[in-house]
>>> print(open('run-v8.pdb').read())   # PDB, C-alpha atoms
MODEL        1
ATOM      1  CA  MET Y 139      20.912 -10.041   0.318
ATOM      2  CA  LEU Y 140      20.619  -8.201  -2.979
ATOM      3  CA  VAL Y 141      17.026  -9.377  -3.290
ATOM      4  CA  GLN Y 142      16.177  -7.965   0.123
ATOM      5  CA  ILE Y 143      17.767  -4.610  -0.699
ATOM      6  CA  LEU Y 144      15.892  -4.449  -4.020
ATOM      7  CA  PHE Y 145      12.607  -5.391  -2.347
ATOM      8  CA  GLY Y 146      13.145  -2.744   0.329
ATOM      9  CA  TYR Y 147      13.839  -0.078  -2.289
ATOM     10  CA  PHE Y 148      10.812  -0.984  -4.417
ATOM     11  CA  ALA Y 149       8.498  -1.276  -1.412
ATOM     12  CA  PHE Y 150       9.624   2.057   0.037
ATOM     13  CA  VAL Y 151       9.197   3.868  -3.278
ATOM     14  CA  ILE Y 152       5.778   2.282  -3.874
ATOM     15  CA  VAL Y 153       4.404   3.203  -0.451
ATOM     16  CA  PHE Y 154       5.913   6.693  -0.427
ATOM     17  CA  SER Y 155       4.849   7.624  -3.953
ATOM     18  CA  SER Y 156       1.321   6.288  -3.565
ATOM     19  CA  PHE Y 157       0.994   8.315  -0.351
ATOM     20  CA  MET Y 158       2.332  11.426  -2.090
ATOM     21  CA  GLY Y 159       0.008  10.811  -5.032
ATOM     22  CA  ILE Y 160      -2.987  10.708  -2.726
ATOM     23  CA  THR Y 161      -2.119  13.834  -0.768
ATOM     24  CA  ARG Y 162      -0.919  16.305  -3.426
ATOM     25  CA  LYS Y 163      -3.093  19.306  -4.200
ATOM     26  CA  ASN Y 164      -2.170  19.596  -7.874
ATOM     27  CA  ILE Y 165      -3.589  16.721  -9.904
ATOM     28  CA  PHE Y 166      -0.700  16.729 -12.385
ATOM     29  CA  HIS Y 167       1.787  16.198  -9.569
ATOM     30  CA  SER Y 168      -0.217  13.350  -8.100
ATOM     31  CA  LEU Y 169      -0.514  11.683 -11.524
ATOM     32  CA  LEU Y 170       3.255  11.822 -11.942
ATOM     33  CA  TRP Y 171       3.768  10.286  -8.482
ATOM     34  CA  ILE Y 172       1.352   7.498  -9.400
ATOM     35  CA  LEU Y 173       3.299   6.955 -12.641
ATOM     36  CA  LEU Y 174       6.439   6.414 -10.529
ATOM     37  CA  MET Y 175       4.486   3.931  -8.399
ATOM     38  CA  PHE Y 176       3.355   1.942 -11.466
ATOM     39  CA  LEU Y 177       6.908   1.682 -12.799
ATOM     40  CA  HIS Y 178       8.243   0.391  -9.481
ATOM     41  CA  MET Y 179       5.416  -2.102  -9.283
ATOM     42  CA  GLY Y 180       6.830  -3.580 -12.484
ATOM     43  CA  GLY Y 181      10.089  -4.034 -10.570
ATOM     44  CA  ILE Y 182       8.264  -5.934  -7.822
ATOM     45  CA  TYR Y 183       6.833  -8.290 -10.454
ATOM     46  CA  LEU Y 184      10.337  -8.844 -11.832
ATOM     47  CA  LEU Y 185      11.467  -9.873  -8.351
ATOM     48  CA  LEU Y 186       8.647 -12.433  -8.330
ATOM     49  CA  ASN Y 187       9.812 -14.061 -11.605
ATOM     50  CA  ALA Y 188       6.831 -12.710 -13.548
ATOM     51  CA  GLU Y 189       8.424 -10.931 -16.488
ATOM     52  CA  PHE Y 190       5.350 -10.980 -18.689
ATOM     53  CA  ILE Y 191       3.171  -9.386 -16.008
ATOM     54  CA  ALA Y 192       5.883  -6.774 -15.408
ATOM     55  CA  MET Y 193       5.944  -5.776 -19.073
ATOM     56  CA  VAL Y 194       2.136  -5.737 -19.268
ATOM     57  CA  GLN Y 195       2.057  -3.593 -16.123
ATOM     58  CA  ILE Y 196       4.461  -1.036 -17.569
ATOM     59  CA  ILE Y 197       2.885  -0.972 -21.043
ATOM     60  CA  VAL Y 198      -0.787  -0.999 -20.036
ATOM     61  CA  TYR Y 199      -0.802   0.913 -16.756
ATOM     62  CA  ALA Y 200       2.021   3.391 -17.189
ATOM     63  CA  GLY Y 201       1.648   3.655 -20.960
ATOM     64  CA  ALA Y 202      -2.092   3.531 -21.582
ATOM     65  CA  ILE Y 203      -4.167   4.205 -18.478
ATOM     66  CA  LEU Y 204      -2.022   7.022 -17.064
ATOM     67  CA  VAL Y 205      -1.828   8.695 -20.487
ATOM     68  CA  MET Y 206      -5.622   8.413 -20.750
ATOM     69  CA  PHE Y 207      -5.900  10.208 -17.411
ATOM     70  CA  LEU Y 208      -3.476  12.891 -18.586
ATOM     71  CA  PHE Y 209      -5.392  13.489 -21.816
ATOM     72  CA  VAL Y 210      -8.680  13.742 -19.934
ATOM     73  CA  LEU Y 211      -7.096  16.323 -17.621
ATOM     74  CA  PHE Y 212      -6.687  18.679 -20.591
ATOM     75  CA  LEU Y 213     -10.484  18.942 -20.873
ATOM     76  CA  PHE Y 214     -11.035  20.273 -17.380
ATOM     77  CA  ASN Y 215     -10.554  23.652 -15.796
ATOM     78  CA  PHE Y 216      -8.456  23.601 -12.648
ATOM     79  CA  LYS Y 217      -8.127  27.310 -11.907
ATOM     80  CA  GLU Y 218     -10.389  27.328  -8.856
ATOM     81  CA  GLU Y 219      -9.644  23.779  -7.745
ATOM     82  CA  ILE Y 220      -6.095  24.641  -6.722
ATOM     83  CA  ASN Y 221      -7.022  26.958  -3.870
ATOM     84  CA  GLU Y 222      -9.493  24.701  -2.098
ATOM     85  CA  LYS Y 223      -9.200  22.069   0.584
ATOM     86  CA  ILE Y 224      -7.878  18.642  -0.339
ATOM     87  CA  PHE Y 225      -9.901  16.350   1.882
ATOM     88  CA  LEU Y 226     -13.548  16.074   2.778
ATOM     89  CA  SER Y 227     -14.495  17.691   6.054
ATOM     90  CA  SER Y 228     -15.077  14.393   7.896
ATOM     91  CA  TRP Y 229     -11.798  12.744   7.018
ATOM     92  CA  GLN Y 230     -10.906  11.711  10.575
ATOM     93  CA  ALA Y 231     -13.740   9.185  10.854
ATOM     94  CA  ARG Y 232     -12.789   7.722   7.457
ATOM     95  CA  LEU Y 233      -9.169   7.449   8.601
ATOM     96  CA  TYR Y 234     -10.344   5.374  11.577
ATOM     97  CA  THR Y 235     -12.319   3.142   9.186
ATOM     98  CA  VAL Y 236      -9.200   2.576   7.107
ATOM     99  CA  LEU Y 237      -7.168   1.755  10.218
ATOM    100  CA  ILE Y 238      -9.762  -0.797  11.353
ATOM    101  CA  ILE Y 239      -9.684  -2.445   7.911
ATOM    102  CA  LEU Y 240      -5.861  -2.475   8.054
ATOM    103  CA  PHE Y 241      -6.048  -4.196  11.457
ATOM    104  CA  ILE Y 242      -8.427  -6.863  10.101
ATOM    105  CA  PHE Y 243      -6.149  -7.466   7.087
ATOM    106  CA  ILE Y 244      -3.082  -7.863   9.311
ATOM    107  CA  LEU Y 245      -4.969 -10.390  11.467
ATOM    108  CA  GLY Y 246      -5.827 -12.303   8.303
ATOM    109  CA  LEU Y 247      -2.199 -12.162   7.168
ATOM    110  CA  LEU Y 248      -0.924 -13.518  10.496
ATOM    111  CA  SER Y 249      -3.357 -16.427  10.413
ATOM    112  CA  TYR Y 250      -2.371 -17.508   6.896
ATOM    113  CA  GLU Y 251      -0.792 -20.926   6.393
ATOM    114  CA  GLN Y 252       0.600 -22.254   3.160
ATOM    115  CA  LYS Y 253      -0.911 -25.653   2.444
ATOM    116  CA  TYR Y 254      -0.990 -25.891  -1.346
ATOM    117  CA  LYS Y 255       1.764 -26.458  -3.902
ATOM    118  CA  GLY Y 256       0.950 -26.253  -7.586
ATOM    119  CA  PRO Y 257       2.578 -28.039 -10.505
ATOM    120  CA  TYR Y 258       4.389 -25.018 -11.998
ATOM    121  CA  THR Y 259       7.780 -25.129 -10.287
ATOM    122  CA  ILE Y 260      10.504 -22.576 -10.932
ATOM    123  CA  ASP Y 261      12.594 -25.091 -12.879
ATOM    124  CA  LEU Y 262       9.715 -25.834 -15.243
ATOM    125  CA  ILE Y 263       9.097 -22.137 -15.889
ATOM    126  CA  GLU Y 264      12.812 -21.531 -16.401
ATOM    127  CA  LYS Y 265      13.069 -24.385 -18.876
ATOM    128  CA  GLN Y 266       9.933 -23.525 -20.831
ATOM    129  CA  GLY Y 267       9.937 -19.751 -20.660
ATOM    130  CA  HIS Y 268       7.553 -17.637 -18.641
ATOM    131  CA  THR Y 269       5.481 -16.255 -21.487
ATOM    132  CA  LYS Y 270       5.065 -19.678 -23.051
ATOM    133  CA  THR Y 271       3.911 -21.181 -19.755
ATOM    134  CA  ILE Y 272       1.315 -18.456 -19.252
ATOM    135  CA  GLY Y 273       0.227 -18.707 -22.887
ATOM    136  CA  ILE Y 274      -0.303 -22.461 -22.757
ATOM    137  CA  ALA Y 275      -2.316 -22.218 -19.549
ATOM    138  CA  LEU Y 276      -4.295 -19.217 -20.816
ATOM    139  CA  PHE Y 277      -5.252 -20.638 -24.209
ATOM    140  CA  ASN Y 278      -6.000 -24.152 -22.986
ATOM    141  CA  GLU Y 279      -7.738 -23.843 -19.635
ATOM    142  CA  TYR Y 280      -9.062 -20.275 -19.777
ATOM    143  CA  LEU Y 281     -10.033 -19.858 -23.432
ATOM    144  CA  LEU Y 282     -13.691 -19.066 -22.754
ATOM    145  CA  LEU Y 283     -12.733 -16.482 -20.131
ATOM    146  CA  LEU Y 284     -10.343 -14.888 -22.605
ATOM    147  CA  LEU Y 285     -13.101 -14.577 -25.215
ATOM    148  CA  VAL Y 286     -15.466 -13.087 -22.619
ATOM    149  CA  LEU Y 287     -12.708 -10.639 -21.667
ATOM    150  CA  GLY Y 288     -12.344  -9.517 -25.283
ATOM    151  CA  PHE Y 289     -16.097  -8.985 -25.483
ATOM    152  CA  MET Y 290     -16.045  -6.968 -22.268
ATOM    153  CA  LEU Y 291     -13.317  -4.758 -23.696
ATOM    154  CA  LEU Y 292     -15.369  -4.241 -26.870
ATOM    155  CA  ILE Y 293     -18.395  -2.924 -24.965
ATOM    156  CA  PRO Y 294     -16.723   0.280 -23.597
ATOM    157  CA  LEU Y 295     -15.516   1.049 -27.129
ATOM    158  CA  ILE Y 296     -19.064   0.813 -28.508
ATOM    159  CA  GLY Y 297     -20.398   2.758 -25.525
ATOM    160  CA  VAL Y 298     -17.999   5.670 -25.976
ATOM    161  CA  GLY Y 299     -18.769   5.794 -29.695
ATOM    162  CA  LEU Y 300     -22.527   5.778 -29.042
ATOM    163  CA  VAL Y 301     -22.220   8.617 -26.537
ATOM    164  CA  HIS Y 302     -20.273  10.722 -29.025
ATOM    165  CA  ARG Y 303     -22.755  10.011 -31.813
ATOM    166  CA  ARG Y 304     -25.787  10.844 -29.684
ATOM    167  CA  ARG Y 305     -24.132  14.083 -28.612
ATOM    168  CA  GLN Y 306     -23.459  15.023 -32.236
ATOM    169  CA  LYS Y 307     -27.124  14.393 -33.075
ATOM    170  CA  ASN Y 308     -28.602  16.299 -30.125
ATOM    171  CA  GLY Y 309     -26.204  19.228 -30.091
ATOM    172  CA  ASN Y 310     -25.156  20.610 -26.720
ATOM    173  CA  SER Y 311     -27.058  18.683 -24.113
TER
ATOM    174  CA  MET E 496      15.139 -14.548   1.044
ATOM    175  CA  VAL E 497      12.079 -12.368   1.093
ATOM    176  CA  THR E 498       9.133 -14.367   2.379
ATOM    177  CA  LEU E 499       5.550 -14.282   1.192
ATOM    178  CA  ASN E 500       4.412 -12.299   4.222
ATOM    179  CA  TRP E 501       6.450  -9.253   3.196
ATOM    180  CA  TYR E 502       4.801  -9.086  -0.222
ATOM    181  CA  LEU E 503       1.359  -9.538   1.320
ATOM    182  CA  ALA E 504       2.108  -6.818   3.889
ATOM    183  CA  LEU E 505       3.181  -4.438   1.105
ATOM    184  CA  SER E 506      -0.043  -5.240  -0.730
ATOM    185  CA  ILE E 507      -2.114  -4.549   2.391
ATOM    186  CA  VAL E 508      -0.419  -1.211   3.065
ATOM    187  CA  VAL E 509      -0.831   0.002  -0.525
ATOM    188  CA  PHE E 510      -4.468  -1.150  -0.523
ATOM    189  CA  CYS E 511      -5.174   0.849   2.632
ATOM    190  CA  ILE E 512      -3.508   3.965   1.198
ATOM    191  CA  GLY E 513      -5.720   3.643  -1.873
ATOM    192  CA  LEU E 514      -8.790   3.133   0.306
ATOM    193  CA  PHE E 515      -7.943   6.265   2.291
ATOM    194  CA  GLY E 516      -7.700   8.265  -0.922
ATOM    195  CA  LEU E 517     -10.955   6.789  -2.196
ATOM    196  CA  LEU E 518     -12.843   7.732   0.944
ATOM    197  CA  THR E 519     -11.405  11.155   1.701
ATOM    198  CA  ARG E 520     -10.386  13.072  -1.421
ATOM    199  CA  ARG E 521     -12.736  15.720  -2.752
ATOM    200  CA  ASN E 522     -11.520  15.602  -6.345
ATOM    201  CA  ILE E 523     -13.285  12.927  -8.352
ATOM    202  CA  LEU E 524     -10.302  12.210 -10.638
ATOM    203  CA  ILE E 525      -8.163  11.289  -7.640
ATOM    204  CA  VAL E 526     -10.963   8.975  -6.512
ATOM    205  CA  PHE E 527     -10.653   7.118  -9.838
ATOM    206  CA  LEU E 528      -6.904   7.046  -9.393
ATOM    207  CA  SER E 529      -7.276   5.568  -5.910
ATOM    208  CA  ILE E 530      -9.305   2.712  -7.383
ATOM    209  CA  GLU E 531      -6.362   2.038  -9.701
ATOM    210  CA  ILE E 532      -3.995   1.990  -6.697
ATOM    211  CA  MET E 533      -6.224  -0.566  -4.954
ATOM    212  CA  LEU E 534      -6.322  -2.779  -8.061
ATOM    213  CA  ASN E 535      -2.519  -2.641  -8.227
ATOM    214  CA  ALA E 536      -2.262  -3.705  -4.599
ATOM    215  CA  ILE E 537      -4.477  -6.693  -5.327
ATOM    216  CA  ASN E 538      -2.241  -7.526  -8.302
ATOM    217  CA  ILE E 539       0.813  -7.633  -6.021
ATOM    218  CA  ALA E 540      -0.984 -10.096  -3.740
ATOM    219  CA  LEU E 541      -2.069 -12.260  -6.688
ATOM    220  CA  VAL E 542       1.358 -12.437  -8.331
ATOM    221  CA  SER E 543       3.214 -13.098  -5.069
ATOM    222  CA  LEU E 544       0.801 -15.877  -4.108
ATOM    223  CA  SER E 545       1.181 -17.287  -7.615
ATOM    224  CA  HIS E 546       4.961 -17.332  -7.220
ATOM    225  CA  TYR E 547       5.084 -18.859  -3.766
ATOM    226  CA  LEU E 548       2.333 -21.444  -4.347
ATOM    227  CA  GLN E 549       3.973 -22.415  -7.671
ATOM    228  CA  ASP E 550       0.823 -22.040  -9.699
ATOM    229  CA  VAL E 551       0.237 -19.842 -12.737
ATOM    230  CA  LYS E 552      -3.454 -19.122 -12.096
ATOM    231  CA  GLY E 553      -2.712 -16.031 -10.030
ATOM    232  CA  GLN E 554      -0.798 -14.377 -12.856
ATOM    233  CA  ILE E 555      -3.620 -15.110 -15.305
ATOM    234  CA  LEU E 556      -6.076 -13.538 -12.872
ATOM    235  CA  ALA E 557      -3.729 -10.534 -12.592
ATOM    236  CA  LEU E 558      -3.803 -10.186 -16.399
ATOM    237  CA  PHE E 559      -7.607 -10.195 -16.320
ATOM    238  CA  VAL E 560      -7.605  -7.585 -13.549
ATOM    239  CA  ILE E 561      -5.339  -5.298 -15.617
ATOM    240  CA  ALA E 562      -7.554  -5.623 -18.706
ATOM    241  CA  ILE E 563     -10.789  -4.980 -16.824
ATOM    242  CA  ALA E 564      -9.187  -1.983 -15.088
ATOM    243  CA  GLY E 565      -8.483  -0.476 -18.515
ATOM    244  CA  GLY E 566     -12.119  -0.852 -19.558
ATOM    245  CA  ALA E 567     -13.382   0.499 -16.246
ATOM    246  CA  VAL E 568     -11.191   3.586 -16.489
ATOM    247  CA  ALA E 569     -12.439   4.279 -20.039
ATOM    248  CA  VAL E 570     -16.091   4.069 -18.984
ATOM    249  CA  GLY E 571     -15.534   6.104 -15.807
ATOM    250  CA  LEU E 572     -13.688   8.891 -17.596
ATOM    251  CA  ILE E 573     -16.311   9.202 -20.349
ATOM    252  CA  ILE E 574     -19.044   9.428 -17.683
ATOM    253  CA  LEU E 575     -16.968  12.093 -15.922
ATOM    254  CA  ILE E 576     -16.559  14.117 -19.140
ATOM    255  CA  LEU E 577     -20.292  13.946 -19.883
ATOM    256  CA  SER E 578     -21.222  15.101 -16.392
ATOM    257  CA  TYR E 579     -18.631  17.901 -16.651
ATOM    258  CA  TRP E 580     -20.316  19.203 -19.784
ATOM    259  CA  ASN E 581     -23.621  19.370 -17.932
ATOM    260  CA  LYS E 582     -22.242  20.677 -14.650
ATOM    261  CA  PRO E 583     -18.690  22.037 -14.693
ATOM    262  CA  SER E 584     -17.412  20.810 -11.379
ATOM    263  CA  LEU E 585     -15.035  18.125 -10.189
ATOM    264  CA  LYS E 586     -15.884  18.241  -6.485
ATOM    265  CA  LEU E 587     -17.411  15.138  -5.030
ATOM    266  CA  GLU E 588     -19.972  16.959  -2.889
ATOM    267  CA  ASP E 589     -21.522  18.603  -5.952
ATOM    268  CA  PHE E 590     -22.747  15.264  -7.252
ATOM    269  CA  ASN E 591     -25.824  15.074  -5.020
ATOM    270  CA  LEU E 592     -28.590  14.991  -7.612
ATOM    271  CA  LEU E 593     -30.192  11.898  -6.108
ATOM    272  CA  ARG E 594     -30.028  13.075  -2.512
ATOM    273  CA  GLU E 595     -33.225  14.302  -0.920
ATOM    274  CA  ASP E 596     -32.882  17.085   1.606
TER
ENDMDL
END
>>> encode(input="run-v8.pdb", output="structure tokens")
Amino acid sequence: MLVQILFGYFAFVIVFSSFMGITRKNIFHSLLWILLMFLHMGGIYLLLNAEFIAMVQIIVYAGAILVMFLFVLFLFNFKEEINEKIFLSSWQARLYTVLIILFIFILGLLSYEQKYKGPYTIDLIEKQGHTKTIGIALFNEYLLLLLVLGFMLLIPLIGVGLVHRRRQKNGNS
Amino acid sequence: MVTLNWYLALSIVVFCIGLFGLLTRRNILIVFLSIEIMLNAINIALVSLSHYLQDVKGQILALFVIAIAGGAVAVGLIILILSYWNKPSLKLEDFNLLRED
């Protein structure tokens, strides 16, 4: 019963705050609503017995990506943006598109059947520890993918540095 | 007990909210933010499937999605800053350099 109440609370806050974050006129307000959504998504992961993913969600999304957005906001000028319309002029047709996609997704959800059971039962994860289980699987089976991931995270770093350096050399472009 | 279908339904609803924001907002920063909302919805689906199918692959894929989302946001924001220096606007309909009319 407690699990259902917690799930209902987290789901309600996630849906409501993501909706508010999409529809606010002030970008700071919508970023703060999205921050609330990210924190509650960590709670959903805790309900699913995924503590490591919950901590990574809170640290990386709420701590790094949202703060990156907030720092970038300081570079822009929002004086004239506040008084204008929020949505594009043809938003009704796009709303119908979204509703059709929602309908297709719900059909797919209703036709889903669970046929597969993996080897990682809850008892095994409880005995071994969640982080250790993920670490063993990650560094044994997915080592090459992990190295490729590190390389892919290096490339934006080099790209941002190159852009800055080229701008310093060319002056105001 | 909360079944798998509830988590998947939550994921679908949040994904559609993010898609609505992606398609309809005029401000380009909120469009980036909507992409983040959609990636989070996919993460909910991955982690819940990983829990109910008793396999750890879904959580590893969710970790990869989080890491790639960080890189994508960095590249997108630096492109946005560069285009703002050339043309100080954040409205989506001002970015029509390639359109021919």
>>> closest_residue(input="run-v8.pdb", among="E:Ile561, E:Ala569, E:Ala540, E:Val551", to="Trp501 (chain E)", atoms="all atoms listed in the file")
E:Ala540
>>> residues_around(input="run-v8.pdb", residues="Gln554 (chain E)", least_positions_apart="3", cutoff="12 Å", atoms="only C-alpha atoms", output="PDB file with C-alpha atoms, in the frame of the given file")
ATOM      1  CA  TYR Y 183       6.833  -8.290 -10.454  1.00  0.00           C
ATOM      2  CA  LEU Y 186       8.647 -12.433  -8.330  1.00  0.00           C
ATOM      3  CA  ASN Y 187       9.812 -14.061 -11.605  1.00  0.00           C
ATOM      4  CA  ALA Y 188       6.831 -12.710 -13.548  1.00  0.00           C
ATOM      5  CA  GLU Y 189       8.424 -10.931 -16.488  1.00  0.00           C
ATOM      6  CA  PHE Y 190       5.350 -10.980 -18.689  1.00  0.00           C
ATOM      7  CA  ILE Y 191       3.171  -9.386 -16.008  1.00  0.00           C
ATOM      8  CA  ALA Y 192       5.883  -6.774 -15.408  1.00  0.00           C
ATOM      9  CA  VAL Y 194       2.136  -5.737 -19.268  1.00  0.00           C
ATOM     10  CA  GLN Y 195       2.057  -3.593 -16.123  1.00  0.00           C
ATOM     11  CA  TYR Y 258       4.389 -25.018 -11.998  1.00  0.00           C
ATOM     12  CA  HIS Y 268       7.553 -17.637 -18.641  1.00  0.00           C
ATOM     13  CA  THR Y 269       5.481 -16.255 -21.487  1.00  0.00           C
ATOM     14  CA  THR Y 271       3.911 -21.181 -19.755  1.00  0.00           C
ATOM     15  CA  ILE Y 272       1.315 -18.456 -19.252  1.00  0.00           C
ATOM     16  CA  GLY Y 273       0.227 -18.707 -22.887  1.00  0.00           C
ATOM     17  CA  ALA Y 275      -2.316 -22.218 -19.549  1.00  0.00           C
ATOM     18  CA  LEU Y 276      -4.295 -19.217 -20.816  1.00  0.00           C
TER      19      LEU Y 276
ATOM     20  CA  ILE E 537      -4.477  -6.693  -5.327  1.00  0.00           C
ATOM     21  CA  ASN E 538      -2.241  -7.526  -8.302  1.00  0.00           C
ATOM     22  CA  ILE E 539       0.813  -7.633  -6.021  1.00  0.00           C
ATOM     23  CA  ALA E 540      -0.984 -10.096  -3.740  1.00  0.00           C
ATOM     24  CA  LEU E 541      -2.069 -12.260  -6.688  1.00  0.00           C
ATOM     25  CA  VAL E 542       1.358 -12.437  -8.331  1.00  0.00           C
ATOM     26  CA  SER E 543       3.214 -13.098  -5.069  1.00  0.00           C
ATOM     27  CA  LEU E 544       0.801 -15.877  -4.108  1.00  0.00           C
ATOM     28  CA  SER E 545       1.181 -17.287  -7.615  1.00  0.00           C
ATOM     29  CA  HIS E 546       4.961 -17.332  -7.220  1.00  0.00           C
ATOM     30  CA  TYR E 547       5.084 -18.859  -3.766  1.00  0.00           C
ATOM     31  CA  LEU E 548       2.333 -21.444  -4.347  1.00  0.00           C
ATOM     32  CA  GLN E 549       3.973 -22.415  -7.671  1.00  0.00           C
ATOM     33  CA  ASP E 550       0.823 -22.040  -9.699  1.00  0.00           C
ATOM     34  CA  VAL E 551       0.237 -19.842 -12.737  1.00  0.00           C
ATOM     35  CA  ALA E 557      -3.729 -10.534 -12.592  1.00  0.00           C
ATOM     36  CA  LEU E 558      -3.803 -10.186 -16.399  1.00  0.00           C
ATOM     37  CA  PHE E 559      -7.607 -10.195 -16.320  1.00  0.00           C
ATOM     38  CA  VAL E 560      -7.605  -7.585 -13.549  1.00  0.00           C
ATOM     39  CA  ILE E 561      -5.339  -5.298 -15.617  1.00  0.00           C
TER      40      ILE E 561
END
>>> closest_residue(input="run-v8.pdb", among="Y:Ala231, Y:Leu213, Y:Ile182, Y:Ile224", to="Thr161 (chain Y)", atoms="all atoms listed in the file")
Y:Ile224
>>> closest_atom_pairs(input="run-v8.pdb", of="chain E", to="chain Y", cutoff="7 Å", atoms="only C-alpha atoms", output="tab-separated table")
residue	atom	partner	partner_atom	distance
E:Met496	CA	Y:Gln142	CA	6.7
E:Val497	CA	Y:Gln142	CA	6.1
E:Leu505	CA	Y:Ala149	CA	6.7
E:Ile507	CA	Y:Phe243	CA	6.8
E:Val509	CA	Y:Val153	CA	6.1
E:Cys511	CA	Y:Val236	CA	6.3
E:Ile512	CA	Y:Phe157	CA	6.4
E:Leu514	CA	Y:Val236	CA	6.8
E:Phe515	CA	Y:Val236	CA	6.2
E:Gly516	CA	Y:Ile160	CA	5.6
E:Leu518	CA	Y:Arg232	CA	6.5
E:Thr519	CA	Y:Phe225	CA	5.4
E:Arg520	CA	Y:Phe225	CA	4.7
E:Arg521	CA	Y:Phe225	CA	5.5
E:Ser543	CA	Y:Leu186	CA	6.4
E:His546	CA	Y:Leu186	CA	6.2
E:Leu548	CA	Y:Lys255	CA	5.1
E:Gln549	CA	Y:Gly256	CA	4.9
E:Asp550	CA	Y:Gly256	CA	4.7
E:Val551	CA	Y:Tyr258	CA	6.7
E:Ile555	CA	Y:Leu276	CA	6.9
E:Gly565	CA	Y:Ile203	CA	6.4
E:Gly566	CA	Y:Leu291	CA	5.8
E:Ala569	CA	Y:Pro294	CA	6.9
E:Val570	CA	Y:Pro294	CA	6.0
E:Ile573	CA	Y:Val298	CA	6.9
>>> atom_distance(input="run-v8.pdb", atom1="CA of Ser155 (chain Y)", atom2="CA of Val568 (chain E)")
20.8 Å
>>> closest_residue(input="run-v8.pdb", among="E:Ile523, E:Ala504, E:Leu585, E:Leu572", to="Leu245 (chain Y)", atoms="only C-alpha atoms")
E:Ala504
>>> atom_distance(input="run-v8.pdb", atom1="CA of Leu575 (chain E)", atom2="CA of Phe527 (chain E)")
10.1 Å
>>> atom_distance(input="run-v8.pdb", atom1="CA of Gly513 (chain E)", atom2="CA of Ile530 (chain E)")
6.6 Å
>>> closest_residue(input="run-v8.pdb", among="Y:Lys265, Y:Gly181, Y:Leu282, Y:Lys217", to="Ser584 (chain E)", atoms="only C-alpha atoms")
Y:Lys217
